[in-house]
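*Asks:* Contents are mmCIF, C-alpha atoms; file name start_20.cif:
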```cif
data_run
loop_
_atom_site.label_atom_id
_atom_site.label_comp_id
_atom_site.auth_asym_id
_atom_site.auth_seq_id
_atom_site.Cartn_x
_atom_site.Cartn_y
_atom_site.Cartn_z
CA MET A 465 111.86 -13.17 -20.30
CA ALA A 466 110.72 -10.05 -18.50
CA SER A 467 112.40 -6.69 -18.57
CA GLU A 468 113.65 -4.36 -15.90
CA ARG A 469 113.13 -0.68 -15.53
CA PHE A 470 115.02 1.89 -13.55
CA PHE A 471 113.73 5.01 -11.83
CA PRO A 472 116.57 7.45 -11.08
CA PHE A 473 114.65 9.73 -8.80
CA GLY A 474 114.41 10.07 -5.08
CA ALA A 475 112.80 7.52 -2.84
CA LEU A 476 109.14 7.33 -3.66
CA PHE A 477 108.23 4.25 -1.72
CA SER A 478 108.89 3.76 1.93
CA VAL A 479 107.30 0.80 3.55
CA SER A 480 106.02 1.59 6.96
CA SER A 481 104.02 -0.97 8.87
CA LEU A 482 100.94 1.14 8.17
CA LEU A 483 101.52 1.02 4.40
CA TRP A 484 102.19 -2.72 4.57
CA LEU A 485 98.92 -3.34 6.36
CA THR A 486 97.10 -1.20 3.80
CA LEU A 487 98.49 -3.39 1.06
CA VAL A 488 97.59 -6.63 2.79
CA LEU A 489 94.19 -5.62 4.09
CA GLY A 490 93.14 -3.52 1.13
CA GLY A 491 90.77 -5.26 -1.22
CA CYS A 492 89.91 -4.11 -4.70
CA ALA A 493 90.35 -0.34 -4.97
CA GLY A 494 91.80 -0.29 -1.44
CA ALA A 495 88.63 -1.04 0.54
CA PRO A 496 89.32 -3.10 3.69
CA VAL A 497 88.63 -6.83 3.46
CA ASP A 498 85.71 -7.97 5.55
CA PRO A 499 86.81 -10.96 7.68
CA LYS A 500 83.33 -12.45 7.16
CA ASP A 501 83.55 -12.23 3.35
CA GLU A 502 83.42 -15.85 2.22
CA SER A 503 84.16 -14.92 -1.39
CA ALA A 504 87.66 -13.70 -0.47
CA SER A 505 90.60 -15.96 -1.33
CA LEU A 506 94.05 -16.15 0.20
CA VAL A 507 96.76 -15.86 -2.45
CA PHE A 508 100.47 -16.30 -1.73
CA GLY A 509 103.81 -16.88 -3.39
CA TYR A 510 107.51 -16.19 -3.11
CA PHE A 511 110.07 -14.07 -4.97
CA ASP A 512 113.78 -14.58 -4.29
CA MET A 513 115.37 -11.25 -5.13
CA ALA A 514 118.84 -12.05 -3.75
CA ASP A 515 120.46 -11.45 -7.17
CA ALA A 516 118.29 -8.48 -8.11
CA PRO A 517 119.45 -4.86 -7.97
CA SER A 518 116.66 -4.04 -5.54
CA ASN A 519 114.76 -5.54 -2.66
CA LEU A 520 111.11 -6.54 -2.96
CA GLN A 521 108.52 -4.17 -1.51
CA TRP A 522 105.40 -4.57 -3.62
CA VAL A 523 103.78 -6.89 -6.12
CA SER A 524 100.87 -5.99 -8.38
CA LEU A 525 98.36 -8.75 -9.13
CA LYS A 526 96.17 -7.94 -12.13
CA ARG A 527 92.70 -9.31 -12.82
CA TYR A 528 92.11 -10.14 -16.49
CA GLY A 529 89.05 -10.52 -18.66
CA GLU A 530 87.17 -7.53 -17.27
CA LYS A 531 85.95 -4.49 -19.13
CA GLU A 532 88.44 -2.46 -17.10
CA PRO A 533 91.40 -4.16 -15.44
CA VAL A 534 91.58 -4.43 -11.66
CA TRP A 535 94.76 -4.62 -9.55
CA TYR A 536 95.56 -5.84 -6.05
CA ASP A 537 98.74 -4.88 -4.22
CA LEU A 538 100.27 -7.90 -2.54
CA ALA A 539 102.42 -7.33 0.50
CA ALA A 540 105.99 -8.60 0.52
CA ARG A 541 107.78 -9.78 3.66
CA ASP A 542 111.24 -11.35 3.18
CA GLY A 543 110.21 -12.64 -0.23
CA LEU A 544 106.87 -14.03 0.89
CA ILE A 545 104.06 -12.28 -1.00
CA PHE A 546 100.39 -12.57 -0.09
CA HIS A 547 96.92 -11.07 0.08
CA ILE A 548 94.02 -12.21 2.23
CA GLY A 549 91.13 -10.84 0.17
CA ILE A 550 91.22 -11.65 -3.55
CA ALA A 551 87.84 -11.77 -5.27
CA PRO A 552 87.02 -14.49 -7.82
CA GLY A 553 88.52 -13.97 -11.26
CA SER A 554 91.59 -14.65 -13.43
CA TYR A 555 94.85 -13.21 -12.14
CA GLN A 556 98.56 -13.05 -12.66
CA VAL A 557 101.41 -10.94 -11.39
CA GLU A 558 101.92 -8.01 -13.75
CA LYS A 559 104.60 -5.91 -12.04
CA PHE A 560 106.66 -5.81 -8.86
CA GLY A 561 109.26 -3.53 -7.38
CA GLY A 562 111.38 -2.31 -4.55
CA MET A 563 114.27 -0.07 -3.63
CA GLY A 564 117.86 -0.46 -4.72
CA GLY A 565 121.15 1.36 -4.91
CA ILE A 566 123.54 2.62 -2.26
CA PRO A 567 121.78 4.07 0.79
CA LEU A 568 122.02 7.85 1.01
CA LEU A 569 123.85 8.01 -2.31
CA THR A 570 122.04 6.34 -5.20
CA ARG A 571 118.98 4.80 -3.61
CA HIS A 572 116.00 4.72 -5.96
CA PRO A 573 112.90 2.67 -6.78
CA TYR A 574 112.94 -0.20 -9.26
CA GLU A 575 109.97 -1.56 -11.16
CA TYR A 576 109.88 -4.88 -13.03
CA ASN A 577 107.47 -6.42 -15.53
CA PHE A 578 106.85 -10.08 -14.71
CA GLY A 579 105.72 -10.83 -18.22
CA THR A 580 103.14 -9.11 -20.33
CA ARG A 581 102.96 -11.37 -23.39
CA GLY A 582 100.02 -13.61 -22.66
CA ARG A 583 99.84 -15.90 -19.65
CA ASN A 584 102.85 -16.07 -17.31
CA GLU A 585 103.74 -18.72 -14.71
CA THR A 586 101.85 -16.96 -11.91
CA ALA A 587 98.50 -17.15 -13.73
CA ILE A 588 95.60 -18.49 -11.62
CA ARG A 589 91.85 -18.74 -12.10
CA ILE A 590 89.85 -18.30 -8.90
CA GLN A 591 86.42 -19.76 -9.51
CA LYS A 592 85.88 -21.14 -6.01
CA PRO A 593 87.09 -19.09 -3.01
CA GLY A 594 90.01 -20.78 -1.29
CA ILE A 595 93.77 -20.64 -1.06
CA TYR A 596 95.94 -20.27 -4.16
CA PHE A 597 99.70 -20.58 -4.58
CA LEU A 598 101.32 -18.39 -7.23
CA GLY A 599 104.56 -20.35 -7.08
CA ALA A 600 108.10 -19.57 -5.94
CA TYR A 601 110.45 -17.75 -8.29
CA LYS A 602 114.07 -16.69 -8.33
CA TYR A 603 115.30 -13.51 -9.99
CA ILE A 604 117.95 -14.43 -12.59
CA ASP A 605 119.94 -11.58 -14.10
CA HIS A 606 120.64 -11.47 -17.85
CA SER A 607 122.97 -8.57 -18.30
CA GLY A 608 122.72 -6.87 -21.67
CA GLY A 609 126.25 -5.56 -21.61
CA LEU A 610 127.25 -2.07 -22.55
CA PHE A 611 124.91 -1.39 -25.43
CA LYS A 612 121.82 -3.39 -24.71
CA ALA A 613 119.21 -3.10 -21.98
CA ASP A 614 119.55 -5.54 -19.10
CA LYS A 615 116.93 -8.24 -18.90
CA PHE A 616 115.94 -10.67 -16.21
CA GLN A 617 114.03 -13.85 -15.76
CA MET A 618 111.81 -15.03 -12.90
CA LYS A 619 112.67 -18.71 -12.85
CA PRO A 620 110.33 -21.11 -11.04
CA THR A 621 112.08 -22.69 -8.07
CA LYS A 622 111.23 -25.55 -5.72
CA ALA A 623 112.78 -23.91 -2.67
CA PRO A 624 111.30 -22.72 -0.46
CA SER A 625 108.51 -25.25 -0.87
CA GLU A 626 104.81 -24.47 -0.72
CA LYS A 627 104.76 -26.22 2.67
CA GLU A 628 107.55 -24.05 4.11
CA LEU A 629 105.89 -20.91 2.80
CA LEU A 630 102.54 -21.90 4.29
CA GLN A 631 104.16 -22.40 7.67
CA ARG A 632 105.70 -18.95 7.45
CA LEU A 633 102.43 -17.44 6.30
CA ILE A 634 100.42 -18.99 9.12
CA THR A 635 102.94 -17.77 11.70
CA LEU A 636 102.81 -14.29 10.21
CA LEU A 637 99.01 -14.13 10.09
CA GLU A 638 98.54 -15.46 13.62
CA SER A 639 101.14 -13.17 15.17
CA ASP A 640 99.92 -9.96 13.57
CA SER A 641 97.35 -8.02 15.59
CA GLU A 642 95.55 -6.78 12.46
CA LEU A 643 95.65 -10.02 10.50
CA LYS A 644 94.80 -12.58 13.14
CA MET A 645 91.12 -11.65 12.79
CA TYR A 646 91.12 -13.37 9.37
CA THR A 647 90.42 -16.73 10.93
CA ARG A 648 88.84 -18.11 7.78
CA GLN A 649 91.98 -17.47 5.74
CA ILE A 650 94.16 -18.94 8.50
CA ALA A 651 91.96 -22.03 8.53
CA LEU A 652 92.33 -22.35 4.75
CA ALA A 653 96.11 -22.17 5.13
CA ARG A 654 96.12 -24.80 7.92
CA LYS A 655 93.90 -27.11 5.89
CA ARG A 656 96.21 -26.84 2.87
CA LEU A 657 99.25 -27.42 5.08
CA GLY A 658 97.65 -30.61 6.30
CA GLU A 659 97.29 -31.82 2.73
CA LEU A 660 100.99 -31.36 1.91
CA MET B 857 108.07 -0.89 -33.09
CA PRO B 858 106.68 2.49 -33.99
CA ALA B 859 109.71 4.36 -32.64
CA LEU B 860 112.18 2.23 -34.56
CA LEU B 861 110.30 2.52 -37.82
CA ILE B 862 109.97 6.28 -37.46
CA ALA B 863 113.68 6.49 -36.78
CA GLY B 864 114.33 4.68 -40.07
CA CYS B 865 115.65 1.58 -38.39
CA GLY B 866 113.13 -0.77 -39.95
CA THR B 867 110.93 -1.38 -42.99
CA LEU B 868 107.15 -1.33 -43.01
CA HIS B 869 106.25 -3.02 -46.28
CA PRO B 870 103.35 -1.29 -48.04
CA GLU B 871 99.91 -2.45 -49.01
CA VAL B 872 99.45 -2.18 -52.78
CA THR B 873 96.50 -1.52 -55.08
CA SER B 874 98.03 -2.20 -58.50
CA LEU B 875 100.10 -4.93 -60.14
CA SER B 876 102.37 -2.23 -61.54
CA GLN B 877 103.63 -1.72 -57.99
CA VAL B 878 105.06 -5.25 -57.99
CA SER B 879 108.60 -5.71 -59.34
CA SER B 880 110.26 -9.01 -60.23
CA GLY B 881 111.78 -9.42 -56.80
CA THR B 882 108.55 -8.82 -54.94
CA VAL B 883 105.19 -10.55 -54.53
CA ILE B 884 101.74 -9.55 -53.29
CA LEU B 885 101.01 -11.45 -50.09
CA VAL B 886 97.26 -11.95 -49.62
CA GLY B 887 95.69 -13.23 -46.41
CA GLN B 888 94.05 -12.29 -43.16
CA VAL B 889 94.71 -12.26 -39.43
CA GLU B 890 91.72 -12.77 -37.13
CA LEU B 891 91.51 -12.58 -33.35
CA VAL B 892 88.82 -14.49 -31.46
CA PRO B 893 87.30 -12.86 -29.52
CA PRO B 894 88.11 -9.68 -31.41
CA LEU B 895 89.54 -6.59 -29.76
CA LYS B 896 86.83 -4.66 -27.94
CA PRO B 897 86.46 -0.91 -28.63
CA GLY B 898 88.94 0.85 -26.38
CA GLU B 899 90.71 -2.38 -25.39
CA GLN B 900 93.99 -1.27 -26.91
CA LYS B 901 95.67 1.38 -24.77
CA LEU B 902 98.00 3.19 -27.15
CA LYS B 903 99.70 6.37 -25.98
CA ILE B 904 103.04 6.56 -27.74
CA GLY B 905 105.01 9.52 -26.46
CA THR B 906 103.45 12.66 -25.14
CA PHE B 907 103.11 13.85 -28.73
CA ASP B 908 102.60 11.49 -31.69
CA PRO B 909 102.79 13.62 -34.88
CA PHE B 910 103.49 10.65 -37.17
CA GLY B 911 100.52 8.65 -35.94
CA ALA B 912 102.65 5.79 -34.69
CA ALA B 913 99.73 4.52 -32.65
CA ASP B 914 97.74 4.08 -35.87
CA SER B 915 100.34 1.58 -37.10
CA LEU B 916 99.31 -0.63 -34.17
CA ARG B 917 95.62 0.15 -33.75
CA ASP B 918 93.46 -2.86 -34.75
CA ARG B 919 96.52 -4.35 -36.44
CA ALA B 920 98.96 -7.20 -36.08
CA VAL B 921 102.69 -6.71 -36.66
CA LEU B 922 104.43 -9.60 -38.42
CA HIS B 923 108.23 -9.69 -38.52
CA LEU B 924 109.55 -11.22 -41.76
CA ALA B 925 112.85 -13.00 -42.33
CA GLY B 926 114.60 -14.87 -45.11
CA GLU B 927 115.35 -17.88 -42.93
CA PRO B 928 113.54 -19.68 -40.11
CA LYS B 929 115.67 -18.21 -37.34
CA ALA B 930 114.84 -17.77 -33.67
CA ALA B 931 111.80 -15.74 -32.67
CA GLU B 932 112.90 -12.13 -32.55
CA GLU B 933 112.04 -8.77 -34.05
CA THR B 934 113.57 -8.28 -37.49
CA TRP B 935 112.07 -4.81 -38.01
CA GLU B 936 111.06 -5.85 -41.50
CA VAL B 937 107.33 -5.95 -41.00
CA ILE B 938 103.84 -5.93 -42.36
CA ASN B 939 100.98 -4.67 -40.20
CA PRO B 940 97.71 -6.19 -41.44
CA ARG B 941 94.44 -4.83 -40.12
CA LEU B 942 92.69 -7.49 -38.06
CA GLY B 943 89.70 -9.18 -39.67
CA GLU B 944 90.35 -7.74 -43.16
CA THR B 945 92.02 -9.24 -46.22
CA PHE B 946 95.48 -7.73 -46.66
CA PHE B 947 97.52 -7.15 -49.83
CA PHE B 948 101.12 -6.42 -48.88
CA ARG B 949 104.06 -6.22 -51.26
CA ILE B 950 107.01 -8.09 -49.78
CA PRO B 951 110.38 -9.34 -51.07
CA LYS B 952 110.02 -12.89 -52.37
CA ASP B 953 112.80 -14.15 -50.14
CA LYS B 954 111.16 -12.97 -46.89
CA ARG B 955 108.96 -16.02 -46.52
CA PHE B 956 109.12 -16.60 -42.78
CA VAL B 957 107.15 -14.83 -40.07
CA VAL B 958 109.58 -15.34 -37.21
CA MET B 959 107.66 -13.21 -34.74
CA GLY B 960 104.26 -11.56 -34.58
CA THR B 961 102.44 -9.44 -32.07
CA ILE B 962 99.17 -7.65 -31.47
CA THR B 963 99.79 -4.77 -29.07
CA THR B 964 97.15 -4.38 -26.39
CA GLU B 965 99.04 -1.74 -24.46
CA TYR B 966 101.77 0.71 -25.41
CA VAL B 967 101.75 3.61 -23.03
CA THR B 968 104.63 6.02 -22.58
CA ARG B 969 104.85 7.60 -19.15
CA SER B 970 107.31 10.02 -17.62
CA VAL B 971 109.19 8.90 -14.56
CA SER B 972 111.50 11.89 -14.30
CA LYS B 973 112.32 15.07 -16.22
CA ARG B 974 114.68 13.13 -18.47
CA GLN B 975 113.35 9.60 -18.52
CA VAL B 976 110.28 7.87 -19.83
CA VAL B 977 109.26 4.24 -19.74
CA ASN B 978 106.92 2.30 -21.99
CA ASP B 979 104.34 -0.06 -20.55
CA VAL B 980 103.89 -2.70 -23.23
CA SER B 981 101.58 -5.72 -23.35
CA GLU B 982 101.30 -7.90 -26.43
CA ILE B 983 99.54 -10.96 -27.79
CA LEU B 984 102.17 -13.27 -29.29
CA ILE B 985 101.33 -14.66 -32.73
CA PRO B 986 102.62 -18.11 -33.73
CA ARG B 987 105.32 -18.28 -36.41
CA VAL B 988 104.47 -19.36 -39.95
CA ALA B 989 106.21 -20.09 -43.25
CA PHE B 990 105.00 -19.04 -46.70
CA ASP B 991 105.44 -21.00 -49.89
CA ILE B 992 106.57 -18.39 -52.45
CA ASN B 993 107.86 -19.37 -55.90
CA ALA B 994 110.19 -17.30 -58.06
CA THR B 995 107.48 -16.83 -60.69
CA ASP B 996 104.70 -15.75 -58.29
CA LYS B 997 103.11 -12.32 -58.68
CA ALA B 998 100.55 -12.88 -55.91
CA VAL B 999 100.16 -15.60 -53.30
CA TYR B 1000 97.19 -16.36 -51.03
CA VAL B 1001 98.46 -17.64 -47.69
CA GLY B 1002 95.21 -18.16 -45.79
CA THR B 1003 93.46 -16.74 -42.74
CA LEU B 1004 95.42 -17.01 -39.50
CA ARG B 1005 92.69 -17.28 -36.87
CA LEU B 1006 93.97 -16.79 -33.32
CA HIS B 1007 91.87 -17.86 -30.34
CA ARG B 1008 92.86 -16.10 -27.10
CA ASP B 1009 92.02 -16.58 -23.44
CA GLU B 1010 91.43 -13.86 -20.85
CA PHE B 1011 95.20 -13.52 -20.31
CA ASN B 1012 95.65 -12.78 -24.02
CA GLU B 1013 97.45 -16.08 -24.46
CA VAL B 1014 96.82 -17.65 -27.89
CA THR B 1015 95.33 -21.00 -26.97
CA LYS B 1016 94.65 -22.19 -30.52
CA ALA B 1017 95.83 -21.03 -33.93
CA GLU B 1018 94.17 -22.15 -37.14
CA ILE B 1019 95.25 -21.48 -40.72
CA LEU B 1020 92.05 -21.49 -42.76
CA ASP B 1021 91.45 -21.58 -46.48
CA HIS B 1022 89.17 -18.73 -47.57
CA TYR B 1023 90.62 -18.60 -51.07
CA THR B 1024 87.30 -18.14 -52.87
CA ARG B 1025 86.43 -15.04 -50.90
CA ALA B 1026 89.98 -13.63 -51.06
CA SER B 1027 90.12 -14.29 -54.80
CA VAL B 1028 86.99 -12.20 -55.40
CA GLU B 1029 88.51 -9.31 -53.43
CA PHE B 1030 91.82 -9.74 -55.25
CA LYS B 1031 90.27 -9.62 -58.72
CA LYS B 1032 88.18 -6.60 -57.76
CA LYS B 1033 91.34 -4.78 -56.74
CA PHE B 1034 93.83 -5.99 -59.35
CA GLY B 1035 91.71 -7.02 -62.34
CA THR B 1036 90.26 -10.27 -63.61
CA SER B 1037 93.40 -11.28 -65.48
CA ALA B 1038 95.57 -11.17 -62.35
CA VAL B 1039 96.58 -14.59 -61.02
CA LEU B 1040 96.41 -15.37 -57.31
CA ARG B 1041 98.10 -18.68 -56.49
CA LYS B 1042 96.83 -20.50 -53.43
CA ALA B 1043 99.64 -21.57 -51.09
CA ILE B 1044 98.33 -21.88 -47.55
CA ALA B 1045 100.94 -21.00 -44.93
CA LYS B 1046 102.35 -23.67 -42.63
CA PRO B 1047 103.22 -23.38 -38.95
CA LEU B 1048 106.90 -22.73 -38.30
CA LYS B 1049 108.30 -24.67 -35.34
#
```
Please rewrite the model in this file as structure tokens.

*Replies:*
Amino acid sequence: MASERFFPFGALFSVSSLLWLTLVLGGCAGAPVDPKDESASLVFGYFDMADAPSNLQWVSLKRYGEKEPVWYDLAARDGLIFHIGIAPGSYQVEKFGGMGGIPLLTRHPYEYNFGTRGRNETAIRIQKPGIYFLGAYKYIDHSGGLFKADKFQMKPTKAPSEKELLQRLITLLESDSELKMYTRQIALARKRLGEL
Amino acid sequence: MPALLIAGCGTLHPEVTSLSQVSSGTVILVGQVELVPPLKPGEQKLKIGTFDPFGAADSLRDRAVLHLAGEPKAAEETWEVINPRLGETFFFRIPKDKRFVVMGTITTEYVTRSVSKRQVVNDVSEILIPRVAFDINATDKAVYVGTLRLHRDEFNEVTKAEILDHYTRASVEFKKKFGTSAVLRKAIAKPLK
């Protein structure tokens, strides 16, 4: 079970289209992903935050087994999370977050730990560049009551399916003026869709 | 863990160097916890509070934390702990009835960061240690429970746990510390489901 944290200060994150593109297009350390880079993998998944106290605006994918850890920021669009330029390595979602509260009154950022005790369900090993599915998960609240901290669980879910998510992802990539240049990643997604 | 123990909400059982420190209701627990591959220098990120006058980080550095209980209950912190140094034989004095390790962790990250003037959060990552049961008799003064060797993958998931018998080596260390007449009974720990 993961735990939830609360940040009671003013809005720190605002997702503009420019920020979103930075997240999606930014490789390791924020450098843009070269469309010709054949070592880059497409990684995607889904978080259903309908029962969470916040929306979903960012997801942090951590690379493990290195001398110093490396993080990628996955973009989030209506629950669909993805990145078009992940380098080979071992990864899992470490943290994610968004904004919650009452607009203009109590709005503030939320940050969640997906699970930091060993391997969690999103763990993947990218040895060969390709397309990788982190899974679909639903936020389940476990209220702690008055005297204990609230906890939550990201429960694997079969809906939406990998196929449905791929269809959404392909539509998104092909319709975006900045992302449609990643023809290799789109081809990987189409090939995987054909297999399902 | 460190905060709770400092606040007096838990018990950190001590390591002992003399049999005179052992009363009738307690026993010297002898064993070892190993991590494969071992922690690299600087791998643990421990920054507990902005100011750590009691050295809480030292209670975690290169150490495991094993939560003891008197019955094989569900995996949870009991705050009655021993914190053996990894890769070294330990000699902890524990109550004879606390013969179950119901939860164990090796902390790889415990970093306190401020998020506002009045609130801090702790970023915590841990390696989970499998549960074990000790065989402790009422007449025991000292019990050797084995070496718990933990193999981890790059995600810090324990992929294999072995309980090894290094009694001969541990016995030499025990007699050096407690005298040649001291008796160390071998009772290798068993996994606790």

*Asks:* Pull out every residue of chain B sitting within 8 Å of chain A, counting only C-alpha atoms, and send them as a ChimeraX atom specification.

*Replies:* /B:971-972,977,980-984,1010-1014

*Asks:* When you draw a straight line from CA of Trp522 (chain A) to CA of Gly905 (chain B), how long is it in Å?

*Replies:* 26.8 Å

*Asks:* Do you know which residues the PyMOL selection byres ((chain A and resi 509) around 9) returns on this file, as a PyMOL selection string?

*Replies:* chain A and resi 507-508+510-511+543-546+586+596-601+626+629

*Asks:* Starting from the PyMOL selection byres ((chain A and resi 552) around 10), expand the selection into actual residues of this file and give them as a list in words.

*Replies:*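 Selected by the PyMOL selection byres ((chain A and resi 552) around 10) here: Ser503, Ala504, Ser505, Arg527, Gly549, Ile550, Ala551, Gly553, Ser554, Tyr555, Arg589, Ile590, Gln591, Lys592, Pro593 and Gly594 of chain A.
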
*Asks:* Translate the PyMOL selection byres ((chain A and resi 630) around 9), as applied to the file shown, into an explicit residue set as a PDB file with C-alpha atoms, in the coordinates of the input.

*Replies:*
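The resulting file, part.pdb, is reproduced below:
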```pdb
ATOM      1  CA  PHE A 508     100.470 -16.300  -1.730  1.00  0.00           C
ATOM      2  CA  SER A 625     108.510 -25.250  -0.870  1.00  0.00           C
ATOM      3  CA  GLU A 626     104.810 -24.470  -0.720  1.00  0.00           C
ATOM      4  CA  LYS A 627     104.760 -26.220   2.670  1.00  0.00           C
ATOM      5  CA  GLU A 628     107.550 -24.050   4.110  1.00  0.00           C
ATOM      6  CA  LEU A 629     105.890 -20.910   2.800  1.00  0.00           C
ATOM      7  CA  GLN A 631     104.160 -22.400   7.670  1.00  0.00           C
ATOM      8  CA  ARG A 632     105.700 -18.950   7.450  1.00  0.00           C
ATOM      9  CA  LEU A 633     102.430 -17.440   6.300  1.00  0.00           C
ATOM     10  CA  ILE A 634     100.420 -18.990   9.120  1.00  0.00           C
ATOM     11  CA  THR A 635     102.940 -17.770  11.700  1.00  0.00           C
ATOM     12  CA  ALA A 653      96.110 -22.170   5.130  1.00  0.00           C
ATOM     13  CA  ARG A 654      96.120 -24.800   7.920  1.00  0.00           C
ATOM     14  CA  ARG A 656      96.210 -26.840   2.870  1.00  0.00           C
ATOM     15  CA  LEU A 657      99.250 -27.420   5.080  1.00  0.00           C
TER      16      LEU A 657
END
```

*Asks:* Can you work out which one of A:Ser641, A:Glu575, A:Ile548, A:Pro624 has the shortest atom-to-atom distance to Glu502 (chain A), counting all atoms listed in the file?

*Replies:*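 Nearest candidate to Glu502 (chain A) out of A:Ser641, A:Glu575, A:Ile548, A:Pro624: A:Ile548.
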
*Asks:* For a quick check of your reading of the model, name the residues lying within 6 Å of the coordinate (120.5, 0.9, -8.2), counting only C-alpha atoms, and write them as a list of chain:residue names.

*Replies:*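 The answer, in the requested form, is A:Pro517, A:Gly564, A:Gly565.
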
*Asks:* Could you check the closest approach to Asp979 (chain B) for each of B:Val872, B:Ala1026, B:Leu891, B:Leu902 and tell me which residue wins, using only C-alpha atoms?

*Replies:*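 Ranking B:Val872, B:Ala1026, B:Leu891, B:Leu902 by distance to Asp979 (chain B), first place goes to B:Leu902.
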
*Asks:* At a cut-off of 6 Å from (92.5, -17.3, -48.8) in the coordinates of the file, what residues are picked up using all atoms listed in the file, written as JSON, numbers by chain?

*Replies:* {"B": [887, 1000, 1002, 1021, 1022, 1023, 1026]}

*Asks:* Could you check the closest approach to Val878 (chain B) for each of B:Lys952, B:Ser970, B:Arg1041, B:Ile992 and tell me which residue wins, using only C-alpha atoms?

*Replies:*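 For Val878 (chain B), the nearest of the candidates is B:Lys952.
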
*Asks:* Edge lengths and centre in Å to one decimal, as JSON, of the axis-aligned box that encloses all listed atoms of region 1020-1031 of chain B with 6 Å added on every side?

*Replies:*
```
{"center_x": 89.2, "center_y": -15.4, "center_z": -50.7, "size_x": 17.6, "size_y": 24.3, "size_z": 28.0}
```

*Asks:* In Å to one decimal, how far is CA of Phe948 (chain B) from CA of Leu1040 (chain B)?

*Replies:*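 Atom-to-atom, CA of Leu1040 (chain B) and CA of Phe948 (chain B) are spaced 13.2 Å apart.
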
*Asks:* Using CA of Thr873 (chain B) and CA of Ile985 (chain B) as the two end points, give the distance in Å to one decimal.

*Replies:* 26.4 Å

*Asks:* Need to verify the contact set: Gly898 (chain B), 12 Å, all atoms listed in the file, exclusion of same-chain residues closer than 3 positions in sequence. Can you return it as a PyMOL selection string?

*Replies:* (chain A and resi 531-532) or (chain B and resi 894-895+901-902+917-918+964-965)

*Asks:* Which neighbours of Asn519 (chain A) fall inside 8 Å, counting only C-alpha atoms, when residues of the same chain fewer than 4 positions from it are skipped, and could you give them as a list of chain:residue names?

*Replies:*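 My list of contacting residues is A:Met513, A:Ala514, A:Gly561, A:Gly562, A:Met563, A:Gly564.
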
*Asks:* Can you take the partial region 954-966 of chain B, add N, CA and C atoms, and return it as a short mmCIF file (atom, residue, chain, number, x, y, z; two decimals), keeping the file's coordinate frame?

*Replies:*
```cif
data_model
loop_
_atom_site.label_atom_id
_atom_site.label_comp_id
_atom_site.auth_asym_id
_atom_site.auth_seq_id
_atom_site.Cartn_x
_atom_site.Cartn_y
_atom_site.Cartn_z
N LYS B 954 111.55 -13.13 -48.31
CA LYS B 954 111.16 -12.97 -46.89
C LYS B 954 109.92 -13.82 -46.64
N ARG B 955 110.13 -15.14 -46.58
CA ARG B 955 108.96 -16.02 -46.52
C ARG B 955 108.72 -16.64 -45.15
N PHE B 956 109.35 -16.08 -44.14
CA PHE B 956 109.12 -16.60 -42.78
C PHE B 956 108.64 -15.47 -41.88
N VAL B 957 107.56 -15.74 -41.14
CA VAL B 957 107.15 -14.83 -40.07
C VAL B 957 107.76 -15.40 -38.80
N VAL B 958 108.85 -14.79 -38.35
CA VAL B 958 109.58 -15.34 -37.21
C VAL B 958 109.06 -14.81 -35.88
N MET B 959 108.27 -13.73 -35.95
CA MET B 959 107.66 -13.21 -34.74
C MET B 959 106.46 -12.36 -35.14
N GLY B 960 105.42 -12.40 -34.32
CA GLY B 960 104.26 -11.56 -34.58
C GLY B 960 103.62 -11.14 -33.29
N THR B 961 103.08 -9.94 -33.29
CA THR B 961 102.44 -9.44 -32.07
C THR B 961 101.19 -8.63 -32.42
N ILE B 962 100.27 -8.61 -31.47
CA ILE B 962 99.17 -7.65 -31.47
C ILE B 962 99.32 -6.89 -30.16
N THR B 963 99.51 -5.58 -30.27
CA THR B 963 99.79 -4.77 -29.07
C THR B 963 98.50 -4.38 -28.37
N THR B 964 98.34 -4.77 -27.12
CA THR B 964 97.15 -4.38 -26.39
C THR B 964 97.42 -3.16 -25.51
N GLU B 965 98.70 -2.93 -25.23
CA GLU B 965 99.04 -1.74 -24.46
C GLU B 965 100.41 -1.24 -24.89
N TYR B 966 100.49 0.04 -25.18
CA TYR B 966 101.77 0.71 -25.41
C TYR B 966 101.59 2.12 -24.90
#
```
